[in-house]
Amino acid sequence: MSQLVLPTAYLAPVSYYAVLYAADEVVIEAHEHYAKQTLRTRCTIATDQGQQTLSVNVEKGNKLKMPIREVRLSSHGDWQRQHLYSWATYYGNSPFYEYYIDDLRETFLHGHDGTLFGMNEALRKHICREIGFEPKVRYSEQWMGPLECVASNGAFLPERLLLPLGKVPTYYQVAGVEGRQPFMPDVSILDLLFNMGPEAVLVLENMKGTRI
């Protein structure tokens with residue numbers, strides 16, 4: 001089995017979770033240096049006005065030479081409240097928002113150690129449990145090399161990823177219903193969770209390609 005390596009990610013795209021679902025094992029890079037303006041600190045949600053990017057604020061400092069696990073979340077800028085407001089604004093009318101939001105909010109605000117890596121991983125584990133699967137994940141013991149992400153087969157994934165995946169299939173998206181927007185296929189996993197609930201796993205199953 002080839003080794004699949006993913007960066008840590010903030011509420012990653014659907015395709016990222018499709019990899020977690022389909023792979024026999026995934027290694028999450030835990031020894032890289034911080035990289036700004038990537039999926040490590042950004043997610044994209046679907047809104048009735050199109051796609052919107054939400055960015056995590058981290059503490060100031062020489063982060064470009066800082067190990068990813070040492071980067072701490074900023075307590076300034078009110079960014080957490082802004083993210084929660086955007087979730088409520090654009091997903092409040094989705095079928096499963098009320099069902100998931102309380103536990104998700106608690107994990108987002110308090111269920112981690114205050115680091116970027118810790119928050120991302122706490123959210124990933126929580127969302128996998130909510131969707132209903134438990135991927136085999138371990139953390140790298142040393143730096144695995146660059147993990148630049150590129151579009152591949154309609155999915156936003158690390159270029160070294162070898163797992164074939166299908167494109168994200170069309171599913172109910174409240175942004176399209178309320179805003180008459182075309183389907184936005186590979187936005188944050190929040191979109192799939194809030195819109196599809198227990199059927200989110202069927203979308204990931206539909207994306208599976210040949211297992212490595």
# chains A, B, ... in the order shown; residues from 1 in each chain; ligands from 1
>>> select_by_dssp(residues="chain A", states="helix (DSSP H, G or I)", output="ChimeraX atom specification")
/A:14-22,63-65,68-70,79-91,97-110,116-131,174-179,189-207
>>> residues_around(residues="Leu190 in chain A", least_positions_apart="3", cutoff="10 Å", atoms="only C-alpha atoms", output="PyMOL selection string")
chain A and resi 11-14+43-46+87+91+97+100+104+127+187+193-197
>>> closest_residue(among="A:Thr41, A:Ala30, A:Asn93, A:Gly50", to="Gln181 in chain A", atoms="only C-alpha atoms")
A:Gly50
>>> closest_residue(among="A:Val27, A:Val19, A:Val5, A:Met184", to="Leu204 in chain A", atoms="only C-alpha atoms")
A:Val19
>>> closest_residue(among="A:Thr8, A:Gln80, A:Thr115, A:Ser15", to="Glu32 in chain A", atoms="only C-alpha atoms")
A:Thr8
>>> decode(residues="range 19-42 of chain A", atoms="N, CA, C and O atoms", output="JSON list (two decimals), in the first residue's frame")
[["chain", "number", "residue", "atom", "x", "y", "z"],
["A", 19, "VAL", "N", -10.65, 11.28, 0.75],
["A", 19, "VAL", "CA", -9.39, 10.54, 0.88],
["A", 19, "VAL", "C", -9.35, 9.82, 2.23],
["A", 19, "VAL", "O", -9.01, 8.63, 2.31],
["A", 20, "LEU", "N", -9.70, 10.52, 3.30],
["A", 20, "LEU", "CA", -9.73, 9.90, 4.62],
["A", 20, "LEU", "C", -10.66, 8.68, 4.63],
["A", 20, "LEU", "O", -10.38, 7.66, 5.27],
["A", 21, "TYR", "N", -11.76, 8.79, 3.91],
["A", 21, "TYR", "CA", -12.75, 7.71, 3.88],
["A", 21, "TYR", "C", -12.25, 6.51, 3.07],
["A", 21, "TYR", "O", -12.47, 5.36, 3.46],
["A", 22, "ALA", "N", -11.58, 6.77, 1.96],
["A", 22, "ALA", "CA", -11.25, 5.70, 1.04],
["A", 22, "ALA", "C", -9.90, 5.03, 1.31],
["A", 22, "ALA", "O", -9.70, 3.87, 0.98],
["A", 23, "ALA", "N", -8.96, 5.76, 1.90],
["A", 23, "ALA", "CA", -7.60, 5.24, 2.05],
["A", 23, "ALA", "C", -7.52, 4.21, 3.18],
["A", 23, "ALA", "O", -8.24, 4.28, 4.16],
["A", 24, "ASP", "N", -6.60, 3.28, 3.03],
["A", 24, "ASP", "CA", -6.33, 2.32, 4.10],
["A", 24, "ASP", "C", -5.67, 2.99, 5.29],
["A", 24, "ASP", "O", -5.94, 2.65, 6.43],
["A", 25, "GLU", "N", -4.81, 3.96, 5.01],
["A", 25, "GLU", "CA", -4.13, 4.71, 6.06],
["A", 25, "GLU", "C", -3.70, 6.05, 5.51],
["A", 25, "GLU", "O", -3.31, 6.15, 4.35],
["A", 26, "VAL", "N", -3.78, 7.08, 6.34],
["A", 26, "VAL", "CA", -3.33, 8.41, 5.96],
["A", 26, "VAL", "C", -2.35, 8.92, 7.01],
["A", 26, "VAL", "O", -2.56, 8.75, 8.21],
["A", 27, "VAL", "N", -1.26, 9.52, 6.55],
["A", 27, "VAL", "CA", -0.31, 10.19, 7.43],
["A", 27, "VAL", "C", -0.56, 11.68, 7.34],
["A", 27, "VAL", "O", -0.59, 12.25, 6.25],
["A", 28, "ILE", "N", -0.77, 12.32, 8.48],
["A", 28, "ILE", "CA", -0.92, 13.77, 8.49],
["A", 28, "ILE", "C", 0.43, 14.38, 8.88],
["A", 28, "ILE", "O", 1.03, 14.00, 9.90],
["A", 29, "GLU", "N", 0.90, 15.28, 8.04],
["A", 29, "GLU", "CA", 2.21, 15.90, 8.23],
["A", 29, "GLU", "C", 2.21, 16.75, 9.50],
["A", 29, "GLU", "O", 1.46, 17.72, 9.60],
["A", 30, "ALA", "N", 3.03, 16.36, 10.45],
["A", 30, "ALA", "CA", 3.07, 17.06, 11.75],
["A", 30, "ALA", "C", 4.39, 17.77, 11.99],
["A", 30, "ALA", "O", 4.59, 18.33, 13.07],
["A", 31, "HIS", "N", 5.31, 17.75, 11.00],
["A", 31, "HIS", "CA", 6.64, 18.32, 11.21],
["A", 31, "HIS", "C", 7.02, 19.36, 10.16],
["A", 31, "HIS", "O", 8.17, 19.80, 10.13],
["A", 32, "GLU", "N", 6.08, 19.77, 9.35],
["A", 32, "GLU", "CA", 6.38, 20.83, 8.39],
["A", 32, "GLU", "C", 6.40, 22.18, 9.10],
["A", 32, "GLU", "O", 5.96, 22.32, 10.24],
["A", 33, "HIS", "N", 6.93, 23.19, 8.39],
["A", 33, "HIS", "CA", 6.85, 24.55, 8.89],
["A", 33, "HIS", "C", 5.51, 25.16, 8.46],
["A", 33, "HIS", "O", 4.93, 24.77, 7.45],
["A", 34, "TYR", "N", 5.08, 26.12, 9.22],
["A", 34, "TYR", "CA", 3.82, 26.80, 8.93],
["A", 34, "TYR", "C", 3.83, 27.39, 7.53],
["A", 34, "TYR", "O", 4.82, 27.97, 7.10],
["A", 35, "ALA", "N", 2.72, 27.23, 6.82],
["A", 35, "ALA", "CA", 2.56, 27.82, 5.49],
["A", 35, "ALA", "C", 1.27, 28.63, 5.48],
["A", 35, "ALA", "O", 0.19, 28.08, 5.71],
["A", 36, "LYS", "N", 1.38, 29.93, 5.26],
["A", 36, "LYS", "CA", 0.21, 30.79, 5.31],
["A", 36, "LYS", "C", -0.62, 30.70, 4.03],
["A", 36, "LYS", "O", -0.14, 30.25, 2.99],
["A", 37, "GLN", "N", -1.87, 31.10, 4.13],
["A", 37, "GLN", "CA", -2.80, 31.19, 3.02],
["A", 37, "GLN", "C", -2.94, 29.87, 2.27],
["A", 37, "GLN", "O", -2.90, 29.80, 1.05],
["A", 38, "THR", "N", -3.08, 28.79, 3.04],
["A", 38, "THR", "CA", -3.33, 27.47, 2.48],
["A", 38, "THR", "C", -4.52, 26.87, 3.21],
["A", 38, "THR", "O", -5.09, 27.48, 4.11],
["A", 39, "LEU", "N", -4.87, 25.65, 2.85],
["A", 39, "LEU", "CA", -5.99, 24.99, 3.51],
["A", 39, "LEU", "C", -5.70, 24.69, 4.97],
["A", 39, "LEU", "O", -6.61, 24.30, 5.71],
["A", 40, "ARG", "N", -4.47, 24.92, 5.42],
["A", 40, "ARG", "CA", -4.16, 24.75, 6.83],
["A", 40, "ARG", "C", -4.88, 25.80, 7.69],
["A", 40, "ARG", "O", -5.20, 25.55, 8.85],
["A", 41, "THR", "N", -5.11, 26.98, 7.12],
["A", 41, "THR", "CA", -5.76, 28.06, 7.87],
["A", 41, "THR", "C", -6.98, 28.63, 7.16],
["A", 41, "THR", "O", -7.55, 29.62, 7.60],
["A", 42, "ARG", "N", -7.39, 28.02, 6.06],
["A", 42, "ARG", "CA", -8.50, 28.57, 5.28],
["A", 42, "ARG", "C", -9.49, 27.48, 4.91],
["A", 42, "ARG", "O", -9.10, 26.34, 4.63]]
